[in-house]
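Asks: Structure below; questions to follow.
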Amino acid sequence: MLKLALVILLLVGTASRGLAQDRPASQQAVLVTGASSGIGRKITELLALQGHFVYAGARKPEDIAELSRIKNVQGVRLDVTVPADISAAVETVRKGGRGLHGIVNNAGIAILSPLVQTDEKELSSLFDVNVFGPYRVSKAFAPLIIESKGRVVNVSSISGILSGAFFGPYSMSKHAIEAFADALAAEMGSLGVRASLIEPGNYRSDIGRSTATQVEAAAKRAVGTPFETQMRRLVTVMGNYDSYPEPDAVAEAASHALFDPSPKRRYLVVSNAREADVTINKVIEELVQLNQAHKFSYDRETLVRKLDSALVRIR
């Protein structure tokens, strides 16, 4: 049905601006960053199919035009590292007259590299997109979100909980997003705004393909270093990225976080049991490490009671 709608729009040659003006003012609107491909594109398509109106952020003119051909979607020029783009996007949403029910902070990049060999400029660029991007966008659109008592959804990763060899740069940025989203939820909750985190595992996306290219370059730099063998193995692992499933489940989680009366604070969305097991075990391991041999350590029975109490609170 979606493909048929695209064909009809192309045949009649309806301009995207005209389409936007034809939408009913009662439609709830959502801004999705990084909407041109992967998780962002899936979220955009699902929300639009559900009848919501999506301001779909992208950087390339051809991606903006393609997104605007989708029913219920208006492509918007939005590079989350460019303040002028963000300000212009705010003005576009204001002029649209629908208000803004939600933001999905999805735009992101990845760098996998030995920490001691990661160029500082690369690390700065990573944080500019993955951390300062959501901060800038959420700050700029905050008045609209507060006005609507809406939702903010931050796409993190299981790497926001896990970390390990060569994932340090990416995990650092996603750990920061975990803290950002928790603080945002605490600050905005009293204003009627709900904030959630989505922690996806491995899904097929363009970020995976671009990261595979970046890893190949990092492996070449690692030749003759203590990391050479491990980086060659990582190149092989990243070469299997297209075998991962499409991120439909991530889009479903975003929809739930945006529109369900009782959104969850965190959505662990993985495609296999191993990713879930590793992630939950990491959280338990940190709990045990924090509780280990200090003045206020809890015994096993007290820890179990605390776990039971937490399970009751979130039901």
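We name chains A, B, ... following the order of the structure tokens; residues begin at 1 in each chain, and ligands are numbered from 1 as shown.
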Report as a list in words all protein, DNA and RNA residues lying within 6 Å of A:Lys149, evaluated on only C-alpha atoms, omitting residues in the same chain fewer than 2 positions from it.
Replies: Ile145, Ile146, Glu147, Gly192 and Val193 of chain A
Asks: Go ahead and write the selection's residues with C-alpha atoms as an mmCIF file, in the first residue's frame.
Replies:
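Full text of again.cif as output:
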data_model
loop_
_atom_site.group_PDB
_atom_site.id
_atom_site.type_symbol
_atom_site.label_atom_id
_atom_site.label_comp_id
_atom_site.auth_asym_id
_atom_site.auth_seq_id
_atom_site.Cartn_x
_atom_site.Cartn_y
_atom_site.Cartn_z
ATOM 1 C CA ILE A 145 7.173 19.651 23.511
ATOM 2 C CA ILE A 146 6.359 21.247 26.870
ATOM 3 C CA GLU A 147 3.354 22.977 25.340
ATOM 4 C CA GLY A 192 3.995 16.467 31.702
ATOM 5 C CA VAL A 193 6.690 15.386 29.232
#
Asks: Could you go through stretch 176-225 of chain A and tell me which residues DSSP, when run on the backbone, assigns to strand (DSSP E or B), listing them as an NGL selection string?
Replies: :A and (194-200)
Asks: From the options A:Lys42, A:Lys264, A:Arg69, A:Arg98, which residue's atoms come nearest to A:Ile314, counting only C-alpha atoms?
Replies: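 Going through A:Lys42, A:Lys264, A:Arg69, A:Arg98 one by one, the smallest distance to A:Ile314 is for A:Lys264.
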Asks: DSSP says helix (DSSP H, G or I) for which residues of stretch 191-222 of chain A? Put them as a PyMOL selection string?
Replies: chain A and resi 206-221
Asks: So that I have them on file, write out the residues from the current selection with C-alpha atoms, as a PDB file, in the first residue's frame.
Replies:
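Generated file (again.pdb):
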ATOM      1  CA  ASP A 206      23.421   2.253   6.759  1.00  0.00           C
ATOM      2  CA  ILE A 207      25.295   3.130   9.936  1.00  0.00           C
ATOM      3  CA  GLY A 208      26.474  -0.485  10.014  1.00  0.00           C
ATOM      4  CA  ARG A 209      27.748  -0.284   6.450  1.00  0.00           C
ATOM      5  CA  SER A 210      29.524   3.022   7.012  1.00  0.00           C
ATOM      6  CA  THR A 211      31.018   1.691  10.240  1.00  0.00           C
ATOM      7  CA  ALA A 212      32.339  -1.347   8.381  1.00  0.00           C
ATOM      8  CA  THR A 213      34.194   1.018   6.049  1.00  0.00           C
ATOM      9  CA  GLN A 214      35.531   2.985   9.025  1.00  0.00           C
ATOM     10  CA  VAL A 215      36.702  -0.238  10.710  1.00  0.00           C
ATOM     11  CA  GLU A 216      38.627  -1.242   7.587  1.00  0.00           C
ATOM     12  CA  ALA A 217      40.479   2.069   7.701  1.00  0.00           C
ATOM     13  CA  ALA A 218      41.158   1.666  11.428  1.00  0.00           C
ATOM     14  CA  ALA A 219      42.489  -1.861  10.811  1.00  0.00           C
ATOM     15  CA  LYS A 220      44.961  -0.516   8.260  1.00  0.00           C
ATOM     16  CA  ARG A 221      46.209   1.992  10.818  1.00  0.00           C
TER      17      ARG A 221
END
Asks: Can you work out the spacing between atom CA of A:Pro169 and atom CA of A:Leu115 in Å, to one decimal?
Replies: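 Atom-to-atom, atom CA of A:Pro169 to atom CA of A:Leu115, that is 6.8 Å.
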Asks: Can you tell me, as a PyMOL selection string, what residues are no more than 9 Å from A:Val104 when counting only C-alpha atoms, ignoring any on the same chain fewer than 6 positions away?
Replies: chain A and resi 30-33+40+43+134+151-155+254+258
Asks: Which residues, written as a compact mmCIF listing (two decimals) with N, CA and C atoms, in the first residue's frame, have at least one atom at most 12 Å from A:Ser124, with only C-alpha atoms counted and residues fewer than 6 positions away on the same chain left out?
Replies:
# COMPACT_ATOMS: atom_id res chain seq x y z
N THR A 81 24.32 18.81 13.77
CA THR A 81 25.53 19.53 14.18
C THR A 81 25.51 20.98 13.72
N ILE A 109 26.26 8.31 14.44
CA ILE A 109 27.35 7.69 13.71
C ILE A 109 28.10 6.78 14.67
N ALA A 110 28.99 5.96 14.14
CA ALA A 110 29.75 5.04 14.99
C ALA A 110 31.21 5.03 14.59
N ILE A 111 32.06 4.91 15.59
CA ILE A 111 33.50 4.73 15.37
C ILE A 111 33.94 3.57 16.25
N THR A 118 42.55 6.17 18.66
CA THR A 118 41.46 6.98 18.11
C THR A 118 41.88 8.44 18.04
N ASN A 130 26.34 12.33 18.17
CA ASN A 130 25.62 11.39 19.04
C ASN A 130 25.16 11.97 20.38
N VAL A 131 25.88 12.98 20.87
CA VAL A 131 25.56 13.54 22.18
C VAL A 131 25.05 14.97 22.08
N PHE A 132 25.84 15.83 21.46
CA PHE A 132 25.41 17.22 21.34
C PHE A 132 24.24 17.38 20.38
N PRO A 169 34.88 4.24 21.88
CA PRO A 169 34.38 5.55 21.44
C PRO A 169 32.86 5.58 21.30
N TYR A 170 32.31 4.58 20.62
CA TYR A 170 30.86 4.54 20.40
C TYR A 170 30.13 4.36 21.73
N MET A 172 31.12 5.19 24.70
CA MET A 172 31.21 6.43 25.48
C MET A 172 30.07 7.37 25.11
N SER A 173 29.81 7.51 23.81
CA SER A 173 28.76 8.43 23.37
C SER A 173 27.38 7.92 23.77
Asks: For stretch 272-285 of chain A, list every protein, DNA or RNA residue within 12 Å, evaluated using only C-alpha atoms, and leave out those in the same chain fewer than 4 positions away; present the list as an MDAnalysis selection string.
Replies: chainID A and resid 157:164 199:203 244:245 267:268 289:292 303:304 307
Asks: Selected residues, N, CA and C atoms, written as a PDB file, in the first residue's frame, please.
Replies:
ATOM      1  N   SER A 157      21.535   2.467  22.448  1.00  0.00           N
ATOM      2  CA  SER A 157      22.070   1.200  21.940  1.00  0.00           C
ATOM      3  C   SER A 157      22.351   0.310  23.138  1.00  0.00           C
ATOM      4  N   ILE A 158      22.452  -0.999  22.900  1.00  0.00           N
ATOM      5  CA  ILE A 158      22.944  -1.849  23.992  1.00  0.00           C
ATOM      6  C   ILE A 158      24.378  -1.455  24.340  1.00  0.00           C
ATOM      7  N   SER A 159      25.044  -0.740  23.436  1.00  0.00           N
ATOM      8  CA  SER A 159      26.380  -0.213  23.731  1.00  0.00           C
ATOM      9  C   SER A 159      26.315   0.935  24.727  1.00  0.00           C
ATOM     10  N   GLY A 160      25.112   1.435  25.033  1.00  0.00           N
ATOM     11  CA  GLY A 160      24.962   2.396  26.111  1.00  0.00           C
ATOM     12  C   GLY A 160      24.997   1.724  27.471  1.00  0.00           C
ATOM     13  N   ILE A 161      24.965   0.407  27.488  1.00  0.00           N
ATOM     14  CA  ILE A 161      25.059  -0.382  28.716  1.00  0.00           C
ATOM     15  C   ILE A 161      26.343  -1.199  28.716  1.00  0.00           C
ATOM     16  N   LEU A 162      26.652  -1.760  27.553  1.00  0.00           N
ATOM     17  CA  LEU A 162      27.860  -2.568  27.400  1.00  0.00           C
ATOM     18  C   LEU A 162      29.036  -1.700  26.936  1.00  0.00           C
ATOM     19  N   SER A 163      30.211  -2.226  27.053  1.00  0.00           N
ATOM     20  CA  SER A 163      31.382  -1.653  26.401  1.00  0.00           C
ATOM     21  C   SER A 163      32.422  -2.762  26.308  1.00  0.00           C
ATOM     22  N   GLY A 164      33.390  -2.567  25.470  1.00  0.00           N
ATOM     23  CA  GLY A 164      34.413  -3.599  25.300  1.00  0.00           C
ATOM     24  C   GLY A 164      35.460  -3.149  24.326  1.00  0.00           C
ATOM     25  N   GLU A 199      17.141   0.913  23.404  1.00  0.00           N
ATOM     26  CA  GLU A 199      18.471   0.309  23.320  1.00  0.00           C
ATOM     27  C   GLU A 199      18.452  -0.845  22.329  1.00  0.00           C
ATOM     28  N   PRO A 200      18.658  -0.569  21.033  1.00  0.00           N
ATOM     29  CA  PRO A 200      18.641  -1.648  20.047  1.00  0.00           C
ATOM     30  C   PRO A 200      19.930  -2.470  20.099  1.00  0.00           C
ATOM     31  N   GLY A 201      19.781  -3.728  19.690  1.00  0.00           N
ATOM     32  CA  GLY A 201      20.952  -4.557  19.436  1.00  0.00           C
ATOM     33  C   GLY A 201      21.376  -4.364  17.989  1.00  0.00           C
ATOM     34  N   ASN A 202      21.844  -5.425  17.361  1.00  0.00           N
ATOM     35  CA  ASN A 202      22.333  -5.341  15.986  1.00  0.00           C
ATOM     36  C   ASN A 202      21.186  -5.499  14.984  1.00  0.00           C
ATOM     37  N   TYR A 203      20.978  -4.445  14.193  1.00  0.00           N
ATOM     38  CA  TYR A 203      19.993  -4.474  13.120  1.00  0.00           C
ATOM     39  C   TYR A 203      20.626  -3.888  11.863  1.00  0.00           C
ATOM     40  N   TYR A 244      22.066  -9.095   9.477  1.00  0.00           N
ATOM     41  CA  TYR A 244      21.186  -8.748  10.593  1.00  0.00           C
ATOM     42  C   TYR A 244      19.779  -8.423  10.085  1.00  0.00           C
ATOM     43  N   PRO A 245      18.763  -8.575  10.935  1.00  0.00           N
ATOM     44  CA  PRO A 245      17.386  -8.300  10.504  1.00  0.00           C
ATOM     45  C   PRO A 245      17.110  -6.808  10.334  1.00  0.00           C
ATOM     46  N   TYR A 267      13.534   0.609  26.511  1.00  0.00           N
ATOM     47  CA  TYR A 267      13.097  -0.454  25.612  1.00  0.00           C
ATOM     48  C   TYR A 267      14.335  -1.198  25.121  1.00  0.00           C
ATOM     49  N   LEU A 268      14.562  -2.392  25.651  1.00  0.00           N
ATOM     50  CA  LEU A 268      15.628  -3.239  25.126  1.00  0.00           C
ATOM     51  C   LEU A 268      15.063  -3.981  23.922  1.00  0.00           C
ATOM     52  N   GLN A 289      29.437  -5.572  41.533  1.00  0.00           N
ATOM     53  CA  GLN A 289      30.690  -4.837  41.725  1.00  0.00           C
ATOM     54  C   GLN A 289      30.488  -3.640  42.652  1.00  0.00           C
ATOM     55  N   LEU A 290      29.388  -2.918  42.460  1.00  0.00           N
ATOM     56  CA  LEU A 290      29.108  -1.754  43.305  1.00  0.00           C
ATOM     57  C   LEU A 290      28.853  -2.151  44.753  1.00  0.00           C
ATOM     58  N   ASN A 291      28.301  -3.334  44.939  1.00  0.00           N
ATOM     59  CA  ASN A 291      27.926  -3.789  46.277  1.00  0.00           C
ATOM     60  C   ASN A 291      29.068  -4.497  46.997  1.00  0.00           C
ATOM     61  N   GLN A 292      30.169  -4.698  46.321  1.00  0.00           N
ATOM     62  CA  GLN A 292      31.239  -5.565  46.840  1.00  0.00           C
ATOM     63  C   GLN A 292      32.047  -4.907  47.961  1.00  0.00           C
ATOM     64  N   LEU A 303      19.399  -7.753  48.721  1.00  0.00           N
ATOM     65  CA  LEU A 303      19.451  -7.483  47.281  1.00  0.00           C
ATOM     66  C   LEU A 303      18.248  -8.086  46.564  1.00  0.00           C
ATOM     67  N   VAL A 304      17.889  -9.308  46.943  1.00  0.00           N
ATOM     68  CA  VAL A 304      16.737  -9.968  46.318  1.00  0.00           C
ATOM     69  C   VAL A 304      15.461  -9.202  46.628  1.00  0.00           C
ATOM     70  N   LEU A 307      15.321  -6.197  44.417  1.00  0.00           N
ATOM     71  CA  LEU A 307      14.946  -6.579  43.057  1.00  0.00           C
ATOM     72  C   LEU A 307      13.435  -6.818  42.981  1.00  0.00           C
TER      73      LEU A 307
END
Asks: For the atom pair atom CA of A:Val73 and atom CA of A:Phe53, what is the interatomic distance in Å to one decimal place?
Replies: 5.9 Å
